[in-house]
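Peer 1: Just one file: final_26.tsv, with TSV, C-alpha atoms and all ligand atoms.
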chain	number	residue	atom	x	y	z
A	48	MET	CA	1.39	16.46	-6.27
A	49	ASP	CA	0.05	20.00	-5.77
A	50	GLU	CA	0.64	21.85	-2.51
A	51	GLY	CA	-2.94	21.45	-1.25
A	52	LEU	CA	-2.95	17.70	-1.72
A	53	SER	CA	0.43	17.47	-0.08
A	54	VAL	CA	-1.01	19.25	3.01
A	55	ILE	CA	-3.91	16.76	3.15
A	56	ASN	CA	-1.61	13.75	2.67
A	57	ASP	CA	0.80	14.96	5.35
A	58	ILE	CA	-2.07	15.22	7.83
A	59	CYS	CA	-3.44	11.76	6.99
A	60	TRP	CA	-0.09	9.97	7.00
A	61	GLY	CA	1.05	12.08	9.98
A	62	ASN	CA	-1.55	10.33	12.11
A	63	ARG	CA	0.18	7.04	11.30
A	64	GLN	CA	3.57	8.52	12.14
A	65	SER	CA	2.35	9.44	15.62
A	66	ARG	CA	1.06	5.89	16.12
A	67	VAL	CA	4.53	4.59	15.24
A	68	LEU	CA	6.20	6.99	17.68
A	69	GLU	CA	3.76	6.10	20.47
A	70	LEU	CA	4.19	2.37	19.95
A	71	ALA	CA	7.98	2.66	19.82
A	72	CYS	CA	7.90	4.51	23.16
A	73	ARG	CA	5.47	2.00	24.61
A	74	ILE	CA	7.70	-1.00	23.88
A	75	GLY	CA	10.79	0.86	25.14
A	76	LEU	CA	12.50	0.78	21.73
A	77	PHE	CA	14.69	3.83	22.19
A	78	GLY	CA	15.98	2.66	25.57
A	79	ALA	CA	16.81	-0.69	23.96
A	80	LEU	CA	18.80	1.13	21.25
A	81	LYS	CA	20.73	3.26	23.73
A	82	GLY	CA	23.92	1.18	23.64
A	83	PRO	CA	25.94	-0.06	20.68
A	84	ASP	CA	24.22	-1.08	17.42
A	85	ALA	CA	21.66	-3.82	18.10
A	86	GLY	CA	20.19	-6.60	15.96
A	87	ILE	CA	16.53	-7.62	15.83
A	88	ASP	CA	16.89	-10.56	18.27
A	89	GLN	CA	18.56	-8.37	20.85
A	90	ILE	CA	15.90	-5.65	20.44
A	91	CYS	CA	13.06	-8.18	20.71
A	92	ALA	CA	14.59	-9.66	23.84
A	93	ALA	CA	14.86	-6.20	25.42
A	94	CYS	CA	11.34	-5.10	24.39
A	95	GLY	CA	9.50	-8.43	24.76
A	96	THR	CA	8.25	-8.20	21.16
A	97	LYS	CA	7.92	-10.43	18.07
A	98	PRO	CA	10.66	-10.15	15.38
A	99	GLU	CA	8.44	-9.58	12.33
A	100	HIS	CA	6.39	-6.83	13.97
A	101	THR	CA	9.47	-5.29	15.51
A	102	GLU	CA	11.23	-5.07	12.15
A	103	LYS	CA	8.20	-3.33	10.62
A	104	LEU	CA	8.18	-0.81	13.45
A	105	LEU	CA	11.95	-0.29	13.14
A	106	ILE	CA	11.66	0.33	9.37
A	107	ALA	CA	8.95	2.92	10.03
A	108	CYS	CA	11.09	4.56	12.74
A	109	CYS	CA	13.99	4.72	10.25
A	110	ALA	CA	11.72	6.36	7.66
A	111	ILE	CA	10.56	8.93	10.23
A	112	GLY	CA	14.15	9.72	11.18
A	113	LEU	CA	14.20	8.22	14.68
A	114	VAL	CA	16.34	5.13	14.03
A	115	ASN	CA	19.38	4.47	11.82
A	116	ARG	CA	19.82	1.15	10.04
A	117	ARG	CA	23.15	-0.34	8.92
A	118	GLY	CA	22.47	-3.72	7.34
A	119	GLU	CA	20.80	-5.76	10.08
A	120	LEU	CA	21.87	-3.42	12.89
A	121	PHE	CA	19.96	-0.47	14.37
A	122	ASN	CA	20.72	2.50	16.61
A	123	ASN	CA	19.16	5.76	17.75
A	124	THR	CA	19.44	8.94	15.70
A	125	GLU	CA	20.54	12.14	17.44
A	126	ILE	CA	16.90	13.19	17.90
A	127	SER	CA	15.82	9.97	19.58
A	128	ALA	CA	18.98	9.79	21.70
A	129	LYS	CA	18.22	13.29	23.01
A	130	TYR	CA	14.44	13.12	23.44
A	131	LEU	CA	13.30	9.51	23.50
A	132	VAL	CA	15.76	7.61	25.69
A	133	PRO	CA	14.27	7.43	29.23
A	134	SER	CA	17.54	8.35	30.97
A	135	SER	CA	17.93	11.55	28.90
A	136	LYS	CA	17.49	14.91	30.61
A	137	TYR	CA	15.18	15.96	27.74
A	138	TYR	CA	13.04	12.79	27.70
A	139	GLN	CA	9.61	13.27	26.06
A	140	GLY	CA	8.33	9.69	26.27
A	141	ASP	CA	5.89	10.30	29.13
A	142	ILE	CA	4.04	13.07	27.29
A	143	ILE	CA	4.02	10.96	24.12
A	144	LEU	CA	2.49	8.05	26.05
A	145	HIS	CA	0.05	10.44	27.66
A	146	SER	CA	-1.11	11.66	24.23
A	147	ALA	CA	-1.56	8.03	23.21
A	148	ASN	CA	-3.68	7.47	26.30
A	149	VAL	CA	-5.96	10.44	25.59
A	150	ARG	CA	-6.75	9.32	22.03
A	151	GLN	CA	-9.97	7.92	23.48
A	152	ARG	CA	-10.99	11.52	24.20
A	153	PHE	CA	-11.02	12.19	20.47
A	154	ASP	CA	-13.14	9.09	19.87
A	155	ASP	CA	-15.57	10.19	22.59
A	156	PHE	CA	-15.66	13.70	21.10
A	157	ALA	CA	-16.39	12.27	17.64
A	158	GLU	CA	-19.25	10.24	19.10
A	159	SER	CA	-20.75	13.19	20.95
A	160	ILE	CA	-20.47	15.87	18.23
A	161	PHE	CA	-23.77	14.92	16.57
A	162	ALA	CA	-26.93	16.67	17.70
A	163	GLU	CA	-28.72	13.30	17.37
A	164	PRO	CA	-26.92	10.00	18.14
A	165	LYS	CA	-25.44	8.60	14.94
A	166	GLU	CA	-25.24	4.93	14.02
A	167	LYS	CA	-21.72	3.51	13.64
A	168	GLU	CA	-20.65	3.03	10.02
A	169	THR	CA	-21.67	-0.37	8.73
A	170	ASP	CA	-19.14	-2.73	7.13
A	171	ALA	CA	-20.72	-1.90	3.74
A	172	GLU	CA	-20.26	1.85	4.32
A	173	GLN	CA	-16.62	1.30	5.31
A	174	TRP	CA	-16.04	-0.83	2.20
A	175	ASP	CA	-17.56	1.93	0.09
A	176	HIS	CA	-15.07	4.49	1.50
A	177	PHE	CA	-12.21	2.05	0.89
A	178	ILE	CA	-13.08	1.42	-2.77
A	179	ARG	CA	-13.99	5.02	-3.61
A	180	GLY	CA	-10.82	6.06	-1.75
A	181	MET	CA	-8.85	4.06	-4.33
A	182	ASP	CA	-10.34	6.33	-7.01
A	183	ASN	CA	-9.57	9.42	-4.90
A	184	ILE	CA	-5.86	8.54	-4.97
A	185	ALA	CA	-5.85	7.31	-8.58
A	186	SER	CA	-7.44	10.48	-9.90
A	187	THR	CA	-4.97	12.76	-8.10
A	188	GLY	CA	-1.73	11.44	-9.57
A	189	ARG	CA	-1.58	7.67	-9.62
A	190	ALA	CA	-3.52	7.17	-12.87
A	191	GLU	CA	-1.20	9.64	-14.59
A	192	ILE	CA	1.87	7.79	-13.29
A	193	PHE	CA	0.32	4.53	-14.59
A	194	LEU	CA	-0.15	5.93	-18.09
A	195	SER	CA	3.39	7.28	-18.24
A	196	SER	CA	4.90	4.07	-16.80
A	197	VAL	CA	3.04	1.38	-18.76
A	198	ASP	CA	2.98	1.52	-22.56
A	199	LEU	CA	-0.25	-0.07	-23.80
A	200	THR	CA	0.25	0.75	-27.48
A	201	GLY	CA	-1.24	-2.03	-29.62
A	202	LYS	CA	-2.76	-3.86	-26.64
A	203	LYS	CA	-6.28	-5.18	-27.14
A	204	LYS	CA	-7.48	-6.91	-23.97
A	205	MET	CA	-6.60	-5.85	-20.45
A	206	LEU	CA	-7.51	-7.60	-17.20
A	207	ASP	CA	-7.56	-5.37	-14.10
A	208	VAL	CA	-7.37	-7.87	-11.23
A	209	GLY	CA	-8.83	-6.55	-7.98
A	210	GLY	CA	-9.48	-3.46	-10.09
A	211	GLY	CA	-11.57	-1.71	-7.41
A	212	PRO	CA	-13.48	1.28	-8.82
A	213	GLY	CA	-11.84	0.66	-12.23
A	214	SER	CA	-9.75	3.84	-12.21
A	215	TYR	CA	-6.78	2.36	-14.11
A	216	SER	CA	-9.00	0.61	-16.70
A	217	ILE	CA	-10.92	3.83	-17.25
A	218	ALA	CA	-7.72	5.89	-17.60
A	219	ALA	CA	-6.24	3.33	-20.02
A	220	CYS	CA	-9.37	3.11	-22.19
A	221	LYS	CA	-9.69	6.88	-22.36
A	222	LYS	CA	-6.15	7.01	-23.79
A	223	TYR	CA	-6.25	3.86	-25.97
A	224	ASN	CA	-9.46	3.71	-28.01
A	225	ASP	CA	-8.88	0.13	-29.25
A	226	LEU	CA	-8.37	-1.29	-25.78
A	227	GLN	CA	-11.01	-3.40	-24.01
A	228	ALA	CA	-10.64	-3.73	-20.23
A	229	VAL	CA	-12.23	-6.02	-17.66
A	230	VAL	CA	-12.41	-4.94	-14.02
A	231	TRP	CA	-12.25	-8.25	-12.14
A	232	ASP	CA	-13.21	-8.01	-8.48
A	233	LEU	CA	-15.55	-9.11	-5.68
A	234	PRO	CA	-19.32	-8.56	-6.29
A	235	GLU	CA	-19.60	-5.71	-3.78
A	236	THR	CA	-16.72	-3.91	-5.51
A	237	VAL	CA	-17.76	-4.38	-9.14
A	238	ALA	CA	-21.10	-2.80	-8.23
A	239	ILE	CA	-19.15	0.38	-7.43
A	240	ALA	CA	-16.89	0.02	-10.51
A	241	LYS	CA	-19.96	-0.07	-12.77
A	242	GLU	CA	-20.94	3.34	-11.46
A	243	TYR	CA	-17.53	4.85	-12.28
A	244	ILE	CA	-17.49	3.22	-15.74
A	245	ALA	CA	-20.96	4.61	-16.52
A	246	LYS	CA	-19.92	8.06	-15.27
A	247	ALA	CA	-16.98	7.97	-17.68
A	248	GLY	CA	-19.31	6.81	-20.50
A	249	LEU	CA	-17.01	3.85	-21.20
A	250	GLU	CA	-19.46	0.92	-20.97
A	251	ASN	CA	-18.43	-0.11	-24.52
A	252	GLN	CA	-14.77	-0.46	-23.55
A	253	VAL	CA	-14.72	-1.34	-19.84
A	254	THR	CA	-16.74	-4.24	-18.47
A	255	VAL	CA	-16.79	-5.90	-15.06
A	256	GLN	CA	-16.46	-9.49	-13.96
A	257	GLN	CA	-17.16	-10.85	-10.51
A	258	GLY	CA	-14.48	-13.11	-9.07
A	259	ASP	CA	-12.67	-14.13	-5.91
A	260	TRP	CA	-8.97	-14.86	-6.36
A	261	ASN	CA	-9.10	-17.38	-3.50
A	262	ASN	CA	-11.47	-19.58	-5.52
A	263	ASP	CA	-11.46	-18.48	-9.16
A	264	ASN	CA	-8.99	-18.33	-12.04
A	265	PHE	CA	-8.68	-15.08	-13.97
A	266	GLY	CA	-9.64	-16.42	-17.42
A	267	LYS	CA	-7.42	-16.49	-20.52
A	268	GLY	CA	-6.38	-14.54	-23.60
A	269	TYR	CA	-5.39	-11.16	-22.11
A	270	ASP	CA	-2.42	-9.27	-23.51
A	271	VAL	CA	-2.16	-7.08	-20.36
A	272	VAL	CA	-2.82	-7.89	-16.72
A	273	VAL	CA	-2.82	-4.99	-14.26
A	274	MET	CA	-2.36	-5.72	-10.55
A	275	SER	CA	-2.56	-2.43	-8.71
A	276	ASN	CA	-2.10	-2.53	-4.95
A	277	ILE	CA	-3.22	-6.10	-4.54
A	278	LEU	CA	0.09	-7.93	-4.06
A	279	HIS	CA	1.49	-6.02	-1.04
A	280	GLY	CA	3.88	-8.14	1.04
A	281	ALA	CA	4.82	-11.75	1.70
A	282	GLU	CA	1.69	-12.43	3.77
A	283	TRP	CA	-0.68	-11.69	0.84
A	284	ASP	CA	-0.57	-14.87	-1.30
A	285	CYS	CA	1.31	-13.11	-4.09
A	286	ARG	CA	2.57	-16.31	-5.63
A	287	MET	CA	-0.97	-17.59	-6.13
A	288	LYS	CA	-2.14	-14.28	-7.66
A	289	LEU	CA	0.92	-14.02	-9.94
A	290	SER	CA	0.57	-17.60	-11.12
A	291	LYS	CA	-3.09	-16.94	-12.07
A	292	ALA	CA	-2.02	-13.73	-13.84
A	293	PHE	CA	0.63	-15.69	-15.79
A	294	ASP	CA	-2.03	-18.20	-16.94
A	295	ALA	CA	-4.39	-15.39	-17.98
A	296	LEU	CA	-1.80	-13.77	-20.27
A	297	THR	CA	-1.06	-14.63	-23.89
A	298	ASP	CA	2.60	-15.31	-24.77
A	299	GLY	CA	4.46	-12.01	-24.89
A	300	GLY	CA	1.73	-10.36	-22.78
A	301	THR	CA	2.52	-7.65	-20.24
A	302	LEU	CA	2.11	-7.72	-16.47
A	303	ALA	CA	1.88	-4.28	-14.81
A	304	VAL	CA	2.09	-4.08	-11.02
A	305	GLN	CA	1.67	-1.03	-8.79
A	306	GLU	CA	2.83	-1.30	-5.19
A	307	PHE	CA	4.01	0.56	-2.11
A	308	LEU	CA	7.65	-0.62	-2.19
A	309	LEU	CA	10.35	-0.30	0.45
A	310	ASN	CA	13.88	0.45	-0.67
A	311	ASP	CA	16.27	-2.51	-0.61
A	312	GLU	CA	18.03	-1.15	2.51
A	313	LYS	CA	14.61	-1.38	4.22
A	314	ASP	CA	14.82	1.99	5.94
A	315	GLY	CA	12.20	3.89	3.89
A	316	PRO	CA	10.68	5.63	2.00
A	317	LEU	CA	8.16	7.05	4.45
A	318	ILE	CA	4.80	6.15	2.86
A	319	PRO	CA	5.67	2.49	2.04
A	320	ALA	CA	7.26	2.14	5.51
A	321	LEU	CA	4.01	3.24	7.18
A	322	PHE	CA	1.94	1.10	4.79
A	323	ASN	CA	4.17	-1.86	5.71
A	324	VAL	CA	3.13	-1.52	9.37
A	325	MET	CA	-0.58	-1.48	8.50
A	326	VAL	CA	-0.72	-3.95	5.62
A	327	GLY	CA	2.70	-5.25	4.58
A	328	ALA	CA	5.09	-4.28	1.77
A	329	TYR	CA	7.87	-5.88	-0.23
A	330	CYS	CA	11.14	-4.14	-0.91
A	331	LYS	CA	11.92	-3.67	-4.62
A	332	ALA	CA	14.26	-6.67	-4.90
A	333	GLU	CA	11.74	-8.97	-3.18
A	334	LEU	CA	8.88	-7.99	-5.50
A	335	LEU	CA	11.04	-8.40	-8.59
A	336	ALA	CA	12.12	-11.83	-7.31
A	337	VAL	CA	8.55	-13.14	-6.75
A	338	ILE	CA	7.54	-11.91	-10.22
A	339	LYS	CA	10.53	-13.74	-11.69
A	340	GLU	CA	9.69	-16.89	-9.73
A	341	ALA	CA	6.20	-16.83	-11.30
A	342	GLY	CA	7.85	-17.25	-14.74
A	343	PHE	CA	7.99	-13.65	-16.01
A	344	SER	CA	10.98	-12.07	-17.76
A	345	ASP	CA	12.14	-8.55	-18.66
A	346	ILE	CA	11.09	-7.32	-15.20
A	347	LYS	CA	11.71	-3.64	-14.59
A	348	ILE	CA	10.65	-0.65	-12.53
A	349	THR	CA	9.12	1.76	-15.03
A	350	GLY	CA	7.74	4.53	-12.84
A	351	GLU	CA	8.09	5.79	-9.30
A	352	ASN	CA	6.72	8.61	-7.16
A	353	GLU	CA	8.11	8.60	-3.64
A	354	ALA	CA	5.79	11.32	-2.29
A	355	LEU	CA	2.75	9.23	-3.27
A	356	GLY	CA	4.39	5.91	-2.45
A	357	SER	CA	3.66	4.60	-5.94
A	358	CYS	CA	5.95	2.31	-7.91
A	359	TRP	CA	5.12	0.54	-11.22
A	360	VAL	CA	6.83	-2.65	-12.32
A	361	THR	CA	6.29	-4.29	-15.71
A	362	ALA	CA	7.20	-7.80	-16.85
A	363	ALA	CA	6.64	-10.00	-19.88
A	364	LYS	CA	5.24	-13.52	-20.22
A	401	LIG	C1	-6.28	-1.87	-2.36
A	401	LIG	S1	-7.65	-2.19	-3.41
A	401	LIG	C2	-6.96	-1.85	-4.99
A	401	LIG	C3	-8.01	-1.47	-6.01
A	401	LIG	C4	-7.45	-1.07	-7.38
A	401	LIG	N1	-6.64	-2.11	-7.96
A	401	LIG	C5	-6.66	0.22	-7.28
A	401	LIG	O1	-5.42	0.17	-7.19
A	401	LIG	O2	-7.29	1.27	-7.25
A	401	LIG	C6	-7.75	-3.97	-3.38
A	401	LIG	C7	-8.84	-4.54	-4.25
A	401	LIG	O3	-8.79	-5.96	-4.15
A	401	LIG	C8	-10.13	-6.43	-4.14
A	401	LIG	N2	-10.17	-7.76	-3.49
A	401	LIG	C9	-9.96	-8.04	-2.18
A	401	LIG	N3	-10.07	-9.37	-1.97
A	401	LIG	C10	-10.35	-9.93	-3.19
A	401	LIG	C11	-10.56	-11.26	-3.61
A	401	LIG	N4	-10.54	-12.27	-2.75
A	401	LIG	N5	-10.81	-11.48	-4.91
A	401	LIG	C12	-10.86	-10.44	-5.79
A	401	LIG	N6	-10.64	-9.15	-5.45
A	401	LIG	C13	-10.40	-8.90	-4.16
A	401	LIG	C14	-10.91	-5.38	-3.37
A	401	LIG	O4	-12.28	-5.44	-3.66
A	401	LIG	C15	-10.23	-4.10	-3.86
A	401	LIG	O5	-10.89	-3.60	-5.00
Go ahead and express the file in the form of structure tokens.
Ligand SMILES: C[S@@+](CC[C@H](N)C(=O)[O-])C[C@H]1O[C@@H](n2cnc3c(N)ncnc32)[C@H](O)[C@@H]1O

Peer 2:
Amino acid sequence: MDEGLSVINDICWGNRQSRVLELACRIGLFGALKGPDAGIDQICAACGTKPEHTEKLLIACCAIGLVNRRGELFNNTEISAKYLVPSSKYYQGDIILHSANVRQRFDDFAESIFAEPKEKETDAEQWDHFIRGMDNIASTGRAEIFLSSVDLTGKKKMLDVGGGPGSYSIAACKKYNDLQAVVWDLPETVAIAKEYIAKAGLENQVTVQQGDWNNDNFGKGYDVVVMSNILHGAEWDCRMKLSKAFDALTDGGTLAVQEFLLNDEKDGPLIPALFNVMVGAYCKAELLAVIKEAGFSDIKITGENEALGSCWVTAAK
């Protein structure tokens, strides 16, 4: 990642780090971790919080450097012991909670900056940013990591499930002239993908297909299925999606998965830990296990970029 992009990413993900810090102060996490190492149940009892949410917040705090994890036990780091425990002489929690409370000021400012009142973004406009945003991040590193992590030599037919703007299909077909790719996604998304495919001049190699994985199967006869950032964590019906991917592949076919993955200690890295709070994320061992359960073999991590939070896993049918 170049220096400029790293500045932009730090600002964007930094906003999420401050939300984690504010929430941890709000639930009294650092006070609860003041004593000896504590387990999740003990922390939840002290903070009045739910275990699953609390673990996500703890993992993010570990990744930020405010909590240490040893197995299933947690304690404060030196920084949080000094600045975030309410009884400390240097306590900063009140000003942190104050900045959380004045966030509304920023929202009000954003509303009032326009010379003429501006309509709120519609759901369709927000969806558009989401899908085009996937291409923003693919075209500034992730597509390159894909090509160096997944060998598509000799492959003929690729299915890009939940393929979004089609960035990975486009990158693959630019490199492999004999490859045909199908971007399989919801109608509102494939409309955007068509635009990107046309812009790349790849209509002969990349086509789109409308589908909804909750209702539809993925079809048959593919020798590659790509699932980029659609599996996420346990709450995202991964087993159903992986089973449909297995059925879509020919024998010996390749599954390629990109995800934000936690480490197996579940105390980082930073980007997956923040993504886990917002959306959900598996750790590496968990993702490999669900892929195995779906019937795949030869499962391996083939590419990783911690700064971007990108990890590629391949497997064979
Ligand atoms: C996080 S984006 C990933 C897009 C693309 N794979 C990438 O990595 O750039 C998730 C994608 O899943 C698609 N999606 C969400 N729900 C879906 C569903 N029920 N059926 C098919 N696709 C769906 C969205 O339209 C979106 O393109």

Peer 1: Select, from A:Gly201, A:Gly209, A:Gly75, A:Gly112, the residue with the minimum atom-to-atom distance to ligand LIG 401 (chain A), counting only C-alpha atoms and all ligand atoms.

Peer 2: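 Closest to ligand LIG 401 (chain A), using only C-alpha atoms and all ligand atoms: A:Gly209.
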
Peer 1: Using 9 Å as the limit and counting only C-alpha atoms and all ligand atoms, can you tabulate each residue of chain A that touches ligand LIG 401 (chain A), with its shortest atom-to-atom distance in Å and the two atoms involved, as CSV?

Peer 2:
residue,atom,partner,partner_atom,distance
A:Trp174,CA,A:LIG401,O4,8.4
A:Phe177,CA,A:LIG401,S1,7.6
A:Ile178,CA,A:LIG401,O5,5.9
A:Arg179,CA,A:LIG401,O2,8.5
A:Gly180,CA,A:LIG401,O2,8.1
A:Met181,CA,A:LIG401,O2,4.3
A:Asp182,CA,A:LIG401,O2,5.9
A:Asn183,CA,A:LIG401,O2,8.8
A:Ile184,CA,A:LIG401,O2,7.8
A:Ala185,CA,A:LIG401,O2,6.4
A:Arg189,CA,A:LIG401,O1,8.8
A:Ala190,CA,A:LIG401,O2,9.0
A:Asp207,CA,A:LIG401,N1,7.0
A:Val208,CA,A:LIG401,N1,6.7
A:Gly209,CA,A:LIG401,O3,3.9
A:Gly210,CA,A:LIG401,N1,3.8
A:Gly211,CA,A:LIG401,O5,3.1
A:Pro212,CA,A:LIG401,O2,6.4
A:Gly213,CA,A:LIG401,C4,6.8
A:Ser214,CA,A:LIG401,O2,6.1
A:Tyr215,CA,A:LIG401,O2,7.0
A:Val230,CA,A:LIG401,N1,8.8
A:Trp231,CA,A:LIG401,C12,6.9
A:Asp232,CA,A:LIG401,N6,4.1
A:Leu233,CA,A:LIG401,C12,4.9
A:Pro234,CA,A:LIG401,O4,8.1
A:Glu235,CA,A:LIG401,O4,7.3
A:Thr236,CA,A:LIG401,O4,5.0
A:Val237,CA,A:LIG401,O4,7.8
A:Ala240,CA,A:LIG401,O5,8.9
A:Gln257,CA,A:LIG401,C12,7.9
A:Gly258,CA,A:LIG401,C12,5.6
A:Asp259,CA,A:LIG401,N5,3.4
A:Trp260,CA,A:LIG401,N5,4.1
A:Asn261,CA,A:LIG401,N4,5.4
A:Asn262,CA,A:LIG401,N4,7.9
A:Asp263,CA,A:LIG401,N5,8.2
A:Val273,CA,A:LIG401,N1,7.9
A:Met274,CA,A:LIG401,N1,6.2
A:Ser275,CA,A:LIG401,O1,4.2
A:Asn276,CA,A:LIG401,O1,4.8
A:Ile277,CA,A:LIG401,C6,5.1
A:Leu278,CA,A:LIG401,C6,8.8
A:His279,CA,A:LIG401,C1,8.9
A:Gln305,CA,A:LIG401,O1,7.4
A:Glu306,CA,A:LIG401,O1,8.6

Peer 1: Could you pull out every residue with an atom within 9 Å of (15.5, -5.6, 26.5), file coordinates, counting all atoms listed in the file, and send them as a PyMOL selection string?

Peer 2: chain A and resi 75-76+78-79+89-95

Peer 1: Distance CA of Glu242 in chain A-CA of Ser216 in chain A, one decimal place?

Peer 2: 13.3 Å

Peer 1: For a quick check of understanding, using only C-alpha atoms, which of A:Tyr243, A:Phe77, A:Tyr130, A:Phe121 has the smallest distance to Glu102 in chain A?

Peer 2: A:Phe121

Peer 1: Would it be fine to have range 210-255 of chain A, with C-alpha atoms, given as a tab-separated table (two decimals), in the first residue's frame?

Peer 2:
chain	number	residue	atom	x	y	z
A	210	GLY	CA	-19.14	-10.61	-7.13
A	211	GLY	CA	-20.19	-6.98	-6.56
A	212	PRO	CA	-18.75	-4.65	-9.22
A	213	GLY	CA	-16.91	-7.63	-10.77
A	214	SER	CA	-13.42	-6.41	-9.87
A	215	TYR	CA	-11.92	-9.89	-9.34
A	216	SER	CA	-13.54	-11.34	-12.49
A	217	ILE	CA	-12.27	-8.40	-14.51
A	218	ALA	CA	-8.74	-8.71	-13.07
A	219	ALA	CA	-8.73	-12.48	-13.71
A	220	CYS	CA	-9.99	-12.19	-17.30
A	221	LYS	CA	-7.49	-9.46	-18.11
A	222	LYS	CA	-4.69	-11.84	-17.06
A	223	TYR	CA	-6.14	-15.12	-18.40
A	224	ASN	CA	-7.46	-14.68	-21.96
A	225	ASP	CA	-9.14	-18.12	-22.10
A	226	LEU	CA	-11.11	-17.61	-18.91
A	227	GLN	CA	-14.86	-16.89	-18.90
A	228	ALA	CA	-16.27	-15.38	-15.68
A	229	VAL	CA	-19.79	-14.91	-14.38
A	230	VAL	CA	-20.50	-12.20	-11.80
A	231	TRP	CA	-23.41	-13.66	-9.82
A	232	ASP	CA	-25.19	-11.15	-7.59
A	233	LEU	CA	-28.44	-9.35	-6.73
A	234	PRO	CA	-30.13	-7.41	-9.60
A	235	GLU	CA	-29.24	-3.98	-8.19
A	236	THR	CA	-25.58	-5.01	-7.98
A	237	VAL	CA	-25.20	-6.68	-11.38
A	238	ALA	CA	-26.48	-3.45	-12.94
A	239	ILE	CA	-23.36	-1.77	-11.52
A	240	ALA	CA	-21.09	-4.70	-12.47
A	241	LYS	CA	-22.19	-4.40	-16.11
A	242	GLU	CA	-20.90	-0.84	-16.13
A	243	TYR	CA	-17.45	-1.89	-14.86
A	244	ILE	CA	-17.28	-4.81	-17.31
A	245	ALA	CA	-18.14	-2.52	-20.23
A	246	LYS	CA	-15.57	0.03	-19.07
A	247	ALA	CA	-12.93	-2.71	-19.11
A	248	GLY	CA	-14.12	-3.81	-22.59
A	249	LEU	CA	-14.51	-7.39	-21.34
A	250	GLU	CA	-18.14	-8.12	-22.30
A	251	ASN	CA	-16.91	-11.16	-24.28
A	252	GLN	CA	-15.28	-12.72	-21.23
A	253	VAL	CA	-17.24	-11.48	-18.21
A	254	THR	CA	-21.01	-11.83	-18.01
A	255	VAL	CA	-23.46	-11.24	-15.18
